[in-house]
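Reading through the structure tokens given below for one structure.
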Amino acid sequence: MISDRAAKGGEMEIVGVGSGIVECLRIGAMIERHGELFLQRVYTEREIRYCHSRRRAIEQFAAHWAAKEAVMKALATGRVEGVSWSDVEIRVGPRGRPVVMVGGPAKDVIRSRKVGDVLVSMAHCRTYATAHATAIARPSGA
């Protein structure tokens, strides 16, 4: 795990950084206007279940949107490589720490850019959701 290496004094190389911010009302309006079609296009089933299970689900969806945007910017990816919103999944791990999972073409981008981990931080209030992501290189020899 990259973070363990850093704790032991190993050097980390940053591959890219990204940030995202979105108005919670904008995401709420998209969900209201497009319903399940929007949700399934942007979020994984796991993310949909998680966000729906939380108080203030719209803020959760917005925070996940901002995190996905930040991750895509950190990976310097986009539609050119065929990466879709649902190829990036934000899981909430132990003690609330967000964890980035990738699939589909995003996995190929991770490999080609030699990314070992993507660290992400999310925050939200009733008005805005924001996130920051840092892509870190795989340890050499890994």
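We name chains A, B, ... following the order of the structure tokens; residues begin at 1 in each chain, and ligands are numbered from 1 as shown.
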If we count only C-alpha atoms and set the cut-off at 9 Å, which residues sit around Pro105 (chain A), ignoring sequence neighbours fewer than 4 positions away in its own chain? Please answer as a PyMOL selection string. chain A and resi 81-84+87+109-110
Resulting file, chosen residues, C-alpha atoms, as a CSV table (one decimal), in the first residue's frame:
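Everything below was put into result-v6.csv:
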chain,number,residue,atom,x,y,z
A,81,GLU,CA,-9.7,7.2,-23.8
A,82,GLY,CA,-13.3,6.1,-23.5
A,83,VAL,CA,-13.4,6.5,-19.7
A,84,SER,CA,-17.0,6.9,-18.4
A,87,ASP,CA,-15.6,3.4,-14.6
A,109,VAL,CA,-5.3,4.4,-18.0
A,110,ILE,CA,-4.1,3.5,-14.4
Who sits within 9 Å of region 97-103 of chain A, only C-alpha atoms, same chain under 4 positions skipped, as a list in words: Ala67, Lys68, Val71, Ser86, Asp87, Val88, Glu89, Ile90, Arg91, Val92, Gly93, Lys107, Asp108, Ile110, Asp117, Val118, Leu119, Val120, Ser121 and Met122 of chain A
Name the closest residue to Cys24 (chain A) among the candidates A:Trp85, A:Phe61, A:Tyr43, A:Phe38; distances are taken between atoms, counting only C-alpha atoms.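 With only C-alpha atoms as the atom set, the closest residue is A:Phe61.
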Determine which residues of region 20-141 of chain A receive a DSSP assignment of alpha helix (DSSP H), computed from the backbone, and state them as a PyMOL selection string. chain A and resi 24-42+45-53+57-74+105-112
For the residues in that selection, give me N, CA and C atoms as a compact mmCIF listing (two decimals), in the first residue's frame.
# COMPACT_ATOMS: atom_id res chain seq x y z
N CYS A 24 -24.78 21.10 -5.06
CA CYS A 24 -25.64 19.97 -4.70
C CYS A 24 -26.99 20.07 -5.40
N LEU A 25 -27.53 21.28 -5.51
CA LEU A 25 -28.82 21.46 -6.19
C LEU A 25 -28.76 21.04 -7.65
N ARG A 26 -27.62 21.23 -8.29
CA ARG A 26 -27.46 20.83 -9.69
C ARG A 26 -27.59 19.31 -9.83
N ILE A 27 -26.94 18.57 -8.93
CA ILE A 27 -27.03 17.11 -8.97
C ILE A 27 -28.45 16.68 -8.64
N GLY A 28 -29.06 17.32 -7.66
CA GLY A 28 -30.44 17.01 -7.31
C GLY A 28 -31.38 17.22 -8.49
N ALA A 29 -31.17 18.30 -9.24
CA ALA A 29 -32.00 18.58 -10.41
C ALA A 29 -31.79 17.54 -11.50
N MET A 30 -30.56 17.08 -11.69
CA MET A 30 -30.28 16.04 -12.68
C MET A 30 -30.97 14.73 -12.30
N ILE A 31 -30.94 14.41 -11.01
CA ILE A 31 -31.60 13.18 -10.55
C ILE A 31 -33.10 13.30 -10.74
N GLU A 32 -33.64 14.47 -10.39
CA GLU A 32 -35.09 14.68 -10.53
C GLU A 32 -35.52 14.64 -11.99
N ARG A 33 -34.74 15.27 -12.87
CA ARG A 33 -35.09 15.36 -14.28
C ARG A 33 -34.90 14.03 -15.02
N HIS A 34 -33.80 13.30 -14.72
CA HIS A 34 -33.46 12.12 -15.50
C HIS A 34 -33.56 10.80 -14.73
N GLY A 35 -33.75 10.88 -13.42
CA GLY A 35 -33.96 9.69 -12.59
C GLY A 35 -32.90 8.62 -12.72
N GLU A 36 -33.37 7.38 -12.83
CA GLU A 36 -32.48 6.21 -12.87
C GLU A 36 -31.50 6.26 -14.03
N LEU A 37 -31.90 6.82 -15.15
CA LEU A 37 -31.01 6.91 -16.30
C LEU A 37 -29.75 7.68 -15.94
N PHE A 38 -29.92 8.82 -15.28
CA PHE A 38 -28.78 9.63 -14.84
C PHE A 38 -27.94 8.86 -13.82
N LEU A 39 -28.61 8.30 -12.82
CA LEU A 39 -27.89 7.58 -11.77
C LEU A 39 -27.04 6.45 -12.35
N GLN A 40 -27.62 5.66 -13.22
CA GLN A 40 -26.90 4.51 -13.76
C GLN A 40 -25.81 4.91 -14.75
N ARG A 41 -25.95 6.07 -15.34
CA ARG A 41 -24.92 6.54 -16.27
C ARG A 41 -23.69 7.06 -15.54
N VAL A 42 -23.90 7.61 -14.34
CA VAL A 42 -22.82 8.27 -13.61
C VAL A 42 -22.27 7.41 -12.48
N GLU A 45 -23.75 0.69 -9.12
CA GLU A 45 -24.84 0.21 -8.25
C GLU A 45 -24.47 0.35 -6.78
N ARG A 46 -23.23 0.07 -6.45
CA ARG A 46 -22.76 0.17 -5.07
C ARG A 46 -22.85 1.63 -4.58
N GLU A 47 -22.44 2.58 -5.42
CA GLU A 47 -22.51 3.99 -5.05
C GLU A 47 -23.97 4.44 -4.88
N ILE A 48 -24.83 3.98 -5.76
CA ILE A 48 -26.26 4.35 -5.68
C ILE A 48 -26.84 3.84 -4.37
N ARG A 49 -26.57 2.58 -4.03
CA ARG A 49 -27.07 2.03 -2.76
C ARG A 49 -26.53 2.81 -1.57
N TYR A 50 -25.22 3.10 -1.59
CA TYR A 50 -24.61 3.83 -0.48
C TYR A 50 -25.24 5.22 -0.31
N CYS A 51 -25.30 5.98 -1.40
CA CYS A 51 -25.82 7.34 -1.31
C CYS A 51 -27.28 7.37 -0.87
N HIS A 52 -28.09 6.45 -1.40
CA HIS A 52 -29.49 6.38 -1.00
C HIS A 52 -29.65 6.01 0.48
N SER A 53 -28.68 5.30 1.03
CA SER A 53 -28.78 4.86 2.43
C SER A 53 -28.42 5.95 3.43
N ALA A 57 -29.06 12.36 0.90
CA ALA A 57 -28.53 11.57 -0.22
C ALA A 57 -28.01 12.44 -1.35
N ILE A 58 -28.68 13.55 -1.63
CA ILE A 58 -28.25 14.42 -2.73
C ILE A 58 -26.84 14.92 -2.49
N GLU A 59 -26.52 15.30 -1.25
CA GLU A 59 -25.17 15.76 -0.93
C GLU A 59 -24.15 14.65 -1.13
N GLN A 60 -24.54 13.42 -0.82
CA GLN A 60 -23.66 12.27 -1.03
C GLN A 60 -23.40 12.06 -2.52
N PHE A 61 -24.48 12.10 -3.32
CA PHE A 61 -24.31 11.96 -4.77
C PHE A 61 -23.41 13.07 -5.31
N ALA A 62 -23.60 14.28 -4.82
CA ALA A 62 -22.77 15.41 -5.28
C ALA A 62 -21.31 15.22 -4.88
N ALA A 63 -21.06 14.75 -3.68
CA ALA A 63 -19.68 14.52 -3.23
C ALA A 63 -19.02 13.43 -4.08
N HIS A 64 -19.76 12.38 -4.40
CA HIS A 64 -19.22 11.33 -5.25
C HIS A 64 -18.94 11.86 -6.66
N TRP A 65 -19.82 12.71 -7.16
CA TRP A 65 -19.61 13.33 -8.48
C TRP A 65 -18.29 14.13 -8.46
N ALA A 66 -18.14 14.98 -7.44
CA ALA A 66 -16.93 15.80 -7.34
C ALA A 66 -15.69 14.93 -7.23
N ALA A 67 -15.78 13.83 -6.49
CA ALA A 67 -14.63 12.93 -6.34
C ALA A 67 -14.28 12.25 -7.66
N LYS A 68 -15.29 11.80 -8.40
CA LYS A 68 -15.05 11.19 -9.70
C LYS A 68 -14.38 12.19 -10.65
N GLU A 69 -14.87 13.42 -10.63
CA GLU A 69 -14.29 14.48 -11.46
C GLU A 69 -12.83 14.71 -11.08
N ALA A 70 -12.55 14.77 -9.79
CA ALA A 70 -11.18 14.98 -9.31
C ALA A 70 -10.27 13.83 -9.72
N VAL A 71 -10.76 12.61 -9.62
CA VAL A 71 -9.96 11.44 -10.00
C VAL A 71 -9.65 11.48 -11.48
N MET A 72 -10.64 11.77 -12.30
CA MET A 72 -10.40 11.82 -13.75
C MET A 72 -9.38 12.91 -14.11
N LYS A 73 -9.43 14.02 -13.41
CA LYS A 73 -8.44 15.08 -13.66
C LYS A 73 -7.05 14.63 -13.20
N ALA A 74 -6.97 13.96 -12.06
CA ALA A 74 -5.68 13.48 -11.56
C ALA A 74 -5.06 12.46 -12.52
N PRO A 105 -12.05 1.03 -19.16
CA PRO A 105 -10.92 1.76 -19.72
C PRO A 105 -10.11 2.54 -18.67
N ALA A 106 -10.71 2.90 -17.56
CA ALA A 106 -9.97 3.62 -16.51
C ALA A 106 -8.85 2.75 -15.95
N LYS A 107 -9.08 1.45 -15.90
CA LYS A 107 -8.04 0.52 -15.43
C LYS A 107 -6.83 0.54 -16.36
N ASP A 108 -7.10 0.63 -17.66
CA ASP A 108 -6.00 0.71 -18.63
C ASP A 108 -5.22 2.01 -18.47
N VAL A 109 -5.92 3.10 -18.18
CA VAL A 109 -5.26 4.40 -17.95
C VAL A 109 -4.36 4.31 -16.73
N ILE A 110 -4.86 3.70 -15.67
CA ILE A 110 -4.07 3.52 -14.43
C ILE A 110 -2.78 2.76 -14.74
N ARG A 111 -2.90 1.67 -15.49
CA ARG A 111 -1.72 0.86 -15.83
C ARG A 111 -0.75 1.65 -16.71
N SER A 112 -1.27 2.31 -17.74
CA SER A 112 -0.39 3.01 -18.68
C SER A 112 0.34 4.18 -18.02
Per DSSP on the backbone, what are the strand (DSSP E or B) residues of chain A, as a ChimeraX atom specification? /A:14-23,88-92,98-102,115-124,128-137
Between CA of Ala135 (chain A) and CA of Glu11 (chain A) - distance in Å to one decimal: 13.9 Å
What does the distance between CA of Ile21 (chain A) and CA of Lys114 (chain A) come to in Å, to one decimal place?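 Taking CA of Ile21 (chain A) and CA of Lys114 (chain A), their separation equals 26.4 Å.
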Nearest to Val15 (chain A): which of A:Arg126, A:Arg95, A:Arg113, A:Arg56 is it, counting only C-alpha atoms?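 Nearest candidate to Val15 (chain A) out of A:Arg126, A:Arg95, A:Arg113, A:Arg56: A:Arg113.
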Length of the CA of Cys125 (chain A) to CA of Leu75 (chain A) vector [Å]: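 Computed distance, CA of Cys125 (chain A) to CA of Leu75 (chain A), equals 26.1 Å.
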